[in-house]
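Colleague: Below is the structure I would like to discuss, written out as structure tokens.
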Amino acid sequence: MAIVNPCLLDTATPPIPEAKAWAKRYGGARGPLIDLSQAVPGYPAHPALLERIARATADAATAAYGPIEGDAVLREAYAAHVSGIYGARIAVDETAITAGCNMAFFVAMLAIARAGDAILLPAPWYFNHEMALTMTGIEARPLPCDPAAGFVPDPDAADALIDARVRAIVLVTPNNPTGSVYPPATIRRFAELCRRRGIWLVLDETYRDFLPQETARPHDVLADPDWRDIVIGLYSFSKSYCVPGHRLGAIVACRSLLDQIGKVLDTVQICPPRAAQTAVAWGIDALGDWRDANRLEIERRAQAFSSAMGQAPGWRVDSVGAYFAFVAHPFAGVDAPAVAEKLAADRGVLALPGGYFGPGQDGHLRVAFANAEAAALAELPGRLAGFTV
């Protein structure tokens, strides 16, 4: 057999299909499966948004190629939106639209690093980030995050891990998998660190629209007029607008870097999917109240999950926020895959093993509660009662 790329062979298999297979063995004895495995919106997109997408899909113009960096209407709307959030001036030509935030991350990494370089990822990490780096021969270097600190990474610990091969630090806030929200002061310290060490700060804010209501501003690094020297911002429209199947994400970066990113975009996607771009551009302003109601609903689900787990002796919620919780299981010495597999097959509760999210995480499960209603979450104490591995 001809040779397969060894970097790809070293890349983990997509984990969610493996976990979904465990759930197929559940016989339904305790009621419907409670699927807490994947971060998907648990409610539909706004009807007016779907109607606009349907109209656009029927328009022959959207079946044609579009601009490499996305249609102007969405780039303009997003640039204005981000400028308002951060009290900054983000120009249209400092934005690009991608086929989802995973694509945004992938093309950004190809633009700033090559095989043999390293990227610092707070661990536990989002598994697709690690996979993207491994398959391209870039080291995913873990920055261990302490559960006692709410899984918030420490800039001083990061500084000690930086050497000549490190090209960037990636921060995901609100975090997948832990739900941790990084304080603005911590993000500022990471920006200062990256500036001092001459590396990029990559901010993945996929879940920005699910920050707590009292959050005035996620951070202030984009308000610094020199942000363009070091900051790359990533975002996903999937969760906020309930359109993950339409694959729309965004990048904010300096124009000179986007010129290089554009080469990658032209190679791997030519242009982002077009049918939803005009609809989402409309929704940025028109659906603000709807998005806020969804944020409140996710907060209710987070509270329902935390309340339910408080009634499950031995289980401990170490972090919760946005779509996610990172939960310590009570079975010392048992690897998380064994816990998650039996929990799915015997009790009809599907969560992901912590080990999917990096080394040293086998004492935890990652729970994505956003797609489960509060009534289903309230069943968790009964499902977990008497459960053993």
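Please note that chains go A, B, ... in the order of the structure tokens, that every chain numbers its residues from 1, and that ligands are numbered from 1 in the order shown.
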Using DSSP on the backbone coordinates, identify the residues of region 180-276 of chain A assigned to strand (DSSP E or B); present them as a VMD selection string.
Modeller: chain A and resid 200 to 204 231 to 236 249 to 252
Colleague: Next, dump the selected residues to file, keeping only C-alpha atoms, as a PDB file, in the first residue's frame.
Modeller:
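Output contents, as saved in out_2.pdb:
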```pdb
ATOM      1  CA  TRP A 200       0.403  35.811  18.063  1.00  0.00           C
ATOM      2  CA  LEU A 201      -2.550  35.741  20.438  1.00  0.00           C
ATOM      3  CA  VAL A 202      -5.413  33.779  18.856  1.00  0.00           C
ATOM      4  CA  LEU A 203      -8.776  34.421  20.551  1.00  0.00           C
ATOM      5  CA  ASP A 204     -11.483  31.896  19.700  1.00  0.00           C
ATOM      6  CA  VAL A 231      -4.198  39.516  17.747  1.00  0.00           C
ATOM      7  CA  ILE A 232      -6.231  37.135  15.596  1.00  0.00           C
ATOM      8  CA  GLY A 233      -9.923  36.916  16.503  1.00  0.00           C
ATOM      9  CA  LEU A 234     -12.072  33.910  15.600  1.00  0.00           C
ATOM     10  CA  TYR A 235     -15.860  33.563  15.786  1.00  0.00           C
ATOM     11  CA  SER A 236     -18.673  31.222  14.771  1.00  0.00           C
ATOM     12  CA  GLY A 249     -17.325  31.611  10.823  1.00  0.00           C
ATOM     13  CA  ALA A 250     -15.223  34.750  10.867  1.00  0.00           C
ATOM     14  CA  ILE A 251     -11.664  35.998  11.311  1.00  0.00           C
ATOM     15  CA  VAL A 252     -10.558  39.438  12.476  1.00  0.00           C
TER      16      VAL A 252
END
```
Colleague: Need to verify the contact set: region 218-228 of chain A, 10 Å, only C-alpha atoms, exclusion of same-chain residues closer than 6 positions in sequence. Can you return it as a PyMOL selection string?
Modeller: chain A and resi 82-83+85-90+94+173-174+181-192+195+200-201+205+208-209+211-212+252-257
Colleague: Need the shell around region 286-301 of chain A: protein/DNA/RNA residues with any atom at most 7 Å away, counting only C-alpha atoms. Skip same-chain ones fewer than 2 positions apart. Format as an MDAnalysis selection string?
Modeller: chainID A and resid 209:210 240 282:284 303:305 322 369:370 373:374
Colleague: I'd like the interatomic distance between CA of Leu36 (chain A) and CA of Arg366 (chain A), to a tenth of an Å.
Modeller: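 CA of Leu36 (chain A) sits 8.3 Å away from CA of Arg366 (chain A).
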Colleague: Any idea what's packed within 10 Å of Gln277 (chain A), counting only C-alpha atoms, ignoring anything in its chain fewer than 5 positions away? Could you give it as a PyMOL selection string?
Modeller: chain A and resi 52-53+56+62+70-75+97+237+246-248+272+282-283
Colleague: Quote the spacing between CA of Ala140 (chain A) and CA of Ala157 (chain A) in Å to one decimal place.
Modeller: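 Between CA of Ala140 (chain A) and CA of Ala157 (chain A) the gap works out to 15.8 Å.
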Colleague: Region 111-194 of chain A near region 332-355 of chain A within 12 Å: what's each residue's closest atom pair and its distance in Å to one decimal, counting only C-alpha atoms, ordered by chain then ascending residue number, as a Markdown table?
Modeller:
```
| residue | atom | partner | partner_atom | distance |
| --- | --- | --- | --- | --- |
| A:Ala123 | CA | A:Gly355 | CA | 10.5 |
| A:Pro124 | CA | A:Gly354 | CA | 7.9 |
| A:Trp125 | CA | A:Gly354 | CA | 9.8 |
| A:Tyr126 | CA | A:Gly354 | CA | 10.6 |
| A:Phe127 | CA | A:Gly355 | CA | 9.6 |
| A:Asn176 | CA | A:Gly354 | CA | 11.5 |
| A:Pro177 | CA | A:Gly354 | CA | 8.6 |
| A:Thr178 | CA | A:Gly354 | CA | 9.7 |
```
Colleague: Restricting it to N, CA, C and O atoms, dump the selection as a PDB file, in the first residue's frame.
Modeller:
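Listed below is the output, part17.pdb:
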```pdb
ATOM      1  N   ALA A 123      -4.804  23.442  28.255  1.00  0.00           N
ATOM      2  CA  ALA A 123      -5.347  22.087  28.360  1.00  0.00           C
ATOM      3  C   ALA A 123      -6.132  21.949  29.655  1.00  0.00           C
ATOM      4  O   ALA A 123      -5.642  22.371  30.709  1.00  0.00           O
ATOM      5  N   PRO A 124      -7.364  21.394  29.601  1.00  0.00           N
ATOM      6  CA  PRO A 124      -7.948  20.694  28.463  1.00  0.00           C
ATOM      7  C   PRO A 124      -8.238  21.619  27.279  1.00  0.00           C
ATOM      8  O   PRO A 124      -8.583  22.773  27.470  1.00  0.00           O
ATOM      9  N   TRP A 125      -8.092  21.028  26.079  1.00  0.00           N
ATOM     10  CA  TRP A 125      -8.245  21.801  24.859  1.00  0.00           C
ATOM     11  C   TRP A 125      -9.402  21.288  24.020  1.00  0.00           C
ATOM     12  O   TRP A 125      -9.912  20.182  24.237  1.00  0.00           O
ATOM     13  N   TYR A 126      -9.822  22.101  23.053  1.00  0.00           N
ATOM     14  CA  TYR A 126     -10.819  21.689  22.072  1.00  0.00           C
ATOM     15  C   TYR A 126     -10.158  20.706  21.115  1.00  0.00           C
ATOM     16  O   TYR A 126      -9.155  21.033  20.478  1.00  0.00           O
ATOM     17  N   PHE A 127     -10.683  19.482  21.015  1.00  0.00           N
ATOM     18  CA  PHE A 127      -9.950  18.424  20.319  1.00  0.00           C
ATOM     19  C   PHE A 127      -9.704  18.737  18.849  1.00  0.00           C
ATOM     20  O   PHE A 127      -8.679  18.342  18.287  1.00  0.00           O
ATOM     21  N   ASN A 176     -14.451  25.852  25.438  1.00  0.00           N
ATOM     22  CA  ASN A 176     -14.804  24.477  25.104  1.00  0.00           C
ATOM     23  C   ASN A 176     -13.521  23.683  25.289  1.00  0.00           C
ATOM     24  O   ASN A 176     -12.526  23.971  24.601  1.00  0.00           O
ATOM     25  N   PRO A 177     -13.466  22.777  26.293  1.00  0.00           N
ATOM     26  CA  PRO A 177     -14.568  22.001  26.852  1.00  0.00           C
ATOM     27  C   PRO A 177     -15.062  22.401  28.246  1.00  0.00           C
ATOM     28  O   PRO A 177     -16.033  21.821  28.719  1.00  0.00           O
ATOM     29  N   THR A 178     -14.415  23.330  28.939  1.00  0.00           N
ATOM     30  CA  THR A 178     -14.698  23.467  30.365  1.00  0.00           C
ATOM     31  C   THR A 178     -15.841  24.429  30.684  1.00  0.00           C
ATOM     32  O   THR A 178     -16.391  24.384  31.780  1.00  0.00           O
TER      33      THR A 178
END
```
Colleague: Enter the distance from CA of His129 (chain A) to CA of Val172 (chain A), in Å, rounded to one decimal.
Modeller: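 It comes out at 10.3 Å.
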Colleague: Nearest to Ala79 (chain A): which of A:Phe106, A:Leu384, A:Cys7, A:Ala281 is it, counting only C-alpha atoms?
Modeller: A:Ala281
Colleague: Please extract the residues of region 132-280 of chain A with a backbone DSSP assignment of alpha helix (DSSP H) and present them as a ChimeraX atom specification.
Modeller: /A:132-135,155-161,184-197,238-241,255-268,277-280
Colleague: Compile the contact shell of Ala160 (chain A) as a list in words: residues with an atom at most 12 Å away, counting only C-alpha atoms, same-chain residues fewer than 3 positions apart removed.
Modeller: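 Returned residues: Leu120, Pro142, Leu143, Pro144, Asp154, Pro155, Asp156, Ala157, Asp163, Ala164, Val166, Leu193 and Arg197 of chain A.
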Colleague: Which residue is closest to Glu76 (chain A)? Choose from A:Asp266, A:Asp285, A:Asp93, A:Glu139 and count only C-alpha atoms.
Modeller: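 Distance minimum relative to Glu76 (chain A) lands on A:Asp93.
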